[in-house]
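The structure under discussion appears below in the form of structure tokens.
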Amino acid sequence: MMKNEDTKSMITVEEADILQEIMNIAFGRAASDLAECIDIFVVLSTPKIKLVRVNDLAEHLNIEIRDFEKVSVVQQNFWGKFKGNAFLVFPADAGTRILSLFQGIDELTDPESNFTLVRETFLEIGNILIGACIGKIAELLGDVATYSPPHITIEKSLHGIVKDNMSDPDSLAIILKTVFEFNEKNVSGYMFIITKQESFSWLKAALRKFVDQFE
Amino acid sequence: MIKKILIVDDSPISIKIMKSCIPKDQGYEFYDAADGQNGVEKFKEVKPDLTFMDLTMPVMDGFQALAEILKFDSKAMVIVCTADVQIKAIAKAHDLGAFSVVKKPPAKESIAAAIREVEQALSQRG
């Protein structure tokens, strides 16, 4: 992880605060979109922003989710002026509770159909939450995002998943993290949005433009 | 007549945005607090005529702070200003006694209209 002084030179405290508020608005919209699809209430938390070296990302994310030994992850890449990777992370054992919540299925006897349904449900949740969240961030910053199809990895350690998807180990990345909870089934998860150094100068200008409209 | 306005939000930039959306020609006095607990304490100390309350905050969230404020002063005027735009979140804020709910990011027109509604309600109260 970077020292405070390094972080300040890349992104100011005010820029981090603006980005945090934009993430807050964007994830609020994403939760609302999900709540419209199914009868659910998503408990939101205050998003956090961190600047780390890409090489340290996997270790950092593993520390963030140290309560989850294995995870199921929906990952989507996004492109625009704001580009990067989005990860929706659930504990591996959340599959059955997620199924119950989203498909109304409490018990499945066939392991194969169980796996397929869990996979499809995670993908659908990921598609809605990541799409709405990134879409709103892009909209607020005057950009338009395009996406790769969502990709899911079930019950693996996060370390391998992140490492497999990151190039440029020496560049920097901003992590936007939010924790959420589907409290009807006591399921919590994380969303990480990672944008790399190549987007920084555009991002800094876009954040300034966003806040200037309120001056 | 609104004189004192309290803004409860954990984001300094959000407080700045909110202040920029409030009409500047009315001579309002502004107070702010960075979480729900601090907001309740500030409310008791300042006794504002109008409070803008965020929902997603550390220490004490806006739902709890709203309930605490209305327990202390059942006539308190609290407008919830939130990024949590889920129907259930908005309904819960209304059920707890919020005067109205404004979505983030706020627009000058919607904030001005919300303040006018509070002014009208206060004048009807007499």
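Letters A, B, ... mark the chains of the structure tokens in the order given; residue numbers begin at 1 per chain; ligand numbers begin at 1, in order shown.
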
Interface residues on chain B facing chain A, 12 Å, only C-alpha atoms, written as number ranges by chain: B: 9-22, 35, 54-63, 81-92, 103-108

Distance query A:Lys81 at most 10 Å, only C-alpha atoms, self and fewer than 5 positions along chain excluded, as a PyMOL selection string: chain A and resi 138+141-145+198-203+206

Writing out the chosen residues with C-alpha atoms as a tab-separated table (two decimals), in the first residue's frame:
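As written to disk, part.tsv reads:
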```tsv
chain	number	residue	atom	x	y	z
A	138	ALA	CA	-19.69	7.60	-15.90
A	141	LEU	CA	-18.47	12.45	-14.72
A	142	GLY	CA	-19.71	13.18	-18.24
A	143	ASP	CA	-18.58	9.87	-19.74
A	144	VAL	CA	-20.19	6.81	-21.32
A	145	ALA	CA	-19.07	3.31	-20.36
A	198	GLU	CA	-3.95	5.88	-17.38
A	199	SER	CA	-7.37	7.24	-16.32
A	200	PHE	CA	-6.03	9.50	-13.54
A	201	SER	CA	-5.53	12.78	-15.41
A	202	TRP	CA	-8.95	12.56	-17.05
A	203	LEU	CA	-10.50	11.53	-13.73
A	206	ALA	CA	-13.76	15.26	-14.45
```

Which residue of A:Arg208, A:Lys48, A:Lys136, A:Lys156 approaches A:Pro91 most closely, using only C-alpha atoms: A:Lys156

In chain A, DSSP alpha helix (DSSP H) residues written as a PyMOL selection string: chain A and resi 4-10+13-37+57-64+95-103+111-140+158-165+200-212

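Considering the residues B:Ala93, B:Glu29, B:Gly39, B:Thr51 and counting only C-alpha atoms, B:Leu6 has its shortest atom-to-atom contact with B:Thr51.
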
For atom CA of B:Val8 and atom CA of B:Asn38, the interatomic separation in Å (one decimal): 8.2 Å

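Selecting strand (DSSP E) from the backbone DSSP output for chain B yields Lys4, Ile5, Leu6, Ile7, Val8, Glu29, Phe30, Tyr31, Asp32, Ala33, Leu50, Thr51, Phe52, Met53, Val78, Ile79, Val80, Cys81, Thr82, Ser100, Val101, Val102 and Lys103 of chain B.
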
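Comparing A:Gln197, A:Leu129, A:Val13, A:Asp93 by their smallest distance to A:Ser171, the closest is A:Gln197 (using only C-alpha atoms).
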
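Taking only C-alpha atoms into account, B:Lys71 lies nearest to B:Val40 out of the set B:Val101, B:Met53, B:Val40, B:Ala113.
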
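The space separating atom CA of B:Ala114 from atom CA of B:Phe99 comes to 9.1 Å.
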